[in-house]
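A short write-up of the structure that comes next.
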Amino acid sequence: MRTNLSSRTAGLGQRLRTLGGDERGNVLIYVTVTAAVLMGMAGLALDASRATITHSEAQAAADGAALAGASQLDGQSGACGRAATMAANVTNRQRFAVGGASAVTIAAGSPRCLSTLPANDSTAIAAAQVATTDASAKFLEVTTQQLTHRNSLLDAVSSQHTALVQRTAVAGFRRSLCAAAPVMMLCETATWQPGVAFDAWSTYGGNKGFVSGDSCNSANCVHDTLASTTPSFCVTDAADPAPGNKTNKAQDGVNTRFGIGSTASQPSDTDIVNFSSYSQDITGGTGWNCTAYWAANHASDGLAKPTGCTATATAATASRYAVYQAERAAGKIPTAGRPSGGTPTSTQERRLMYLAVLSCPNVTPGAYLKAFMITPAEGTSSKTLFVEPIGLITSKTDPTVLHEEVQLYR
């Protein structure tokens, strides 16, 4: 019995020693641990990539809606309403948020029209920066609805497995006026009306100048800009007035358009007679007497009088600009000393002027007004330049002159 017990004990010890030195199967342990780690890393990578894509899709939706909506901020009536509709109509889809593939919509209370932005992108937009009128709306803020992102790995091991994704974008609208030399006009309390003449030089006191490019900061440059056929720069909504609004150089540049001091490089239509200035137009006077003008300049040349050419402004009088266009088309522009028969020496309408309208009532800052110059610039220390407004221009009415752009700001 003792011999058998000893023998068995010795055999067990030998087997234990053999088992302790046996390394077979150790790889399985490492493989199991490594596989668990790799699967966790893959799960984290998958969740992170899905979260990144969800954020990107939400941001793309916000960006697209903000850009589309901002294109409507032209300062005219209903601009903010049109911007909201346009933003809501932009379709962007997401693929990985809870609920599966679906459209990313705009959150309640969004979009918002803004008049200004904080100087720093990290600064929150204040309530005072929200636009209160269509005319003051320059930016559009769009916030997307909340998307719920679920982390698959955490879903298996934790109850904290979801995250909310919501993105915001702000886009703005601006205009650039190119290929036209504008006079800068700062409105105060007065308003303008199509066909009603006013003095663009002296109206609104000293709160104006001539808008030019950044490198055009001399009176000579202002002269050349006002006299040229096509200025070599563009101006934006934020342009500053250049010096020279009371200098003879500016007056001479304007008058080149009337054939006064014209050259081959700076032509005019010919030395055209004045349309009566009728400064009383803007204060409710009798207005322009088209019948008297026609009798004085076209009584015997056979040119048919335009429809609406009457004696008073109260009877749908044809505008001075309409009469000018009819005269140009017929080659019968009245000229000094010769009542009729003036043939244009330029294919361009050299008596058009673009005015940058800043802070006018019911007109967005940065709008541009097309006007017809009805008299040369006159005067010495106090100058006048009477114009007849035609109307605000857009990129649709004057695509070669006005460029409307939208861009993301934050």
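Order determines the names: the first chain of the structure tokens is A, the second B, and so forth; residues in each chain are numbered 1 upward, and ligands are numbered 1 upward as they are shown.
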
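The residue set within 8 Å of Glu404 of chain A, counting only C-alpha atoms and dropping same-chain residues fewer than 4 places from it, reads Phe173, Arg174, Arg175, Ser176, Thr394 and Ser395 of chain A.
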
Same residues, C-alpha atoms, saved as a PDB file, in the first residue's frame:
```pdb
ATOM      1  CA  PHE A 173     -24.638  89.149 -48.455  1.00  0.00           C
ATOM      2  CA  ARG A 174     -22.662  91.926 -50.117  1.00  0.00           C
ATOM      3  CA  ARG A 175     -22.549  93.817 -53.385  1.00  0.00           C
ATOM      4  CA  SER A 176     -19.677  94.950 -55.582  1.00  0.00           C
ATOM      5  CA  THR A 394     -29.680  94.438 -58.978  1.00  0.00           C
ATOM      6  CA  SER A 395     -27.467  91.782 -60.491  1.00  0.00           C
TER       7      SER A 395
END
```

- Task: Could you give me, as a ChimeraX atom specification, the residues within 12 Å of Ala84 of chain A, counting only C-alpha atoms and dropping anything in the same chain fewer than 6 positions from it?
- Result: /A:65-73,78,90,106-113,139-143

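Within the 9 Å cut-off around Ile125 of chain A, using only C-alpha atoms and omitting residues fewer than 6 positions from it on the same chain, the listed residues are Leu114, Thr116, Leu117 and Pro118 of chain A.
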
Keeping C-alpha atoms for every residue in the selection just given, could you write it to a file as a PDB file, in the first residue's frame?
```
ATOM      1  CA  LEU A 114     -28.678  89.613 -38.245  1.00  0.00           C
ATOM      2  CA  THR A 116     -24.065  92.851 -37.484  1.00  0.00           C
ATOM      3  CA  LEU A 117     -21.678  90.191 -36.174  1.00  0.00           C
ATOM      4  CA  PRO A 118     -19.381  90.156 -33.128  1.00  0.00           C
TER       5      PRO A 118
END
```

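Between Gly379 of chain A and the residues A:Ala330, A:Ser300, A:Gln251, A:Thr225, the shortest atom-to-atom distance, using only C-alpha atoms, involves A:Gln251.
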
- Message: Just to confirm, what's the straight-line distance from atom CA of Ile374 of chain A to atom CA of Asn220 of chain A in Å (one decimal)?
- Response: 23.9 Å

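Non-sequential neighbours of Ala119 of chain A (distance at most 12 Å, separation of 3 or more positions within a chain, only C-alpha atoms) are A:Thr116, A:Ser122, A:Thr123, A:Ala124, A:Ile125, A:Ala126, A:Gln129, A:Tyr409, A:Arg410.
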
Go ahead and save the picked residues with N, CA and C atoms, as an mmCIF file, in the first residue's frame.
```
data_model
loop_
_atom_site.group_PDB
_atom_site.id
_atom_site.type_symbol
_atom_site.label_atom_id
_atom_site.label_comp_id
_atom_site.auth_asym_id
_atom_site.auth_seq_id
_atom_site.Cartn_x
_atom_site.Cartn_y
_atom_site.Cartn_z
ATOM 1 N N THR A 116 -25.518 92.807 -37.661
ATOM 2 C CA THR A 116 -24.065 92.851 -37.484
ATOM 3 C C THR A 116 -23.603 91.539 -36.855
ATOM 4 N N SER A 122 -15.650 83.688 -31.533
ATOM 5 C CA SER A 122 -15.956 82.949 -30.315
ATOM 6 C C SER A 122 -16.981 83.670 -29.440
ATOM 7 N N THR A 123 -17.298 84.912 -29.788
ATOM 8 C CA THR A 123 -18.271 85.680 -29.018
ATOM 9 C C THR A 123 -19.681 85.359 -29.473
ATOM 10 N N ALA A 124 -20.553 85.122 -28.535
ATOM 11 C CA ALA A 124 -21.936 84.794 -28.873
ATOM 12 C C ALA A 124 -22.643 86.000 -29.487
ATOM 13 N N ILE A 125 -23.584 85.728 -30.373
ATOM 14 C CA ILE A 125 -24.358 86.797 -31.010
ATOM 15 C C ILE A 125 -25.352 87.358 -30.000
ATOM 16 N N ALA A 126 -25.324 88.673 -29.839
ATOM 17 C CA ALA A 126 -26.197 89.328 -28.858
ATOM 18 C C ALA A 126 -27.562 89.615 -29.460
ATOM 19 N N GLN A 129 -27.961 92.363 -31.981
ATOM 20 C CA GLN A 129 -27.441 92.166 -33.329
ATOM 21 C C GLN A 129 -28.436 91.475 -34.251
ATOM 22 N N TYR A 409 -19.421 83.374 -42.898
ATOM 23 C CA TYR A 409 -18.655 84.168 -41.946
ATOM 24 C C TYR A 409 -18.296 83.410 -40.681
ATOM 25 N N ARG A 410 -19.124 82.451 -40.294
ATOM 26 C CA ARG A 410 -18.808 81.664 -39.100
ATOM 27 C C ARG A 410 -19.619 80.364 -39.097
#
```
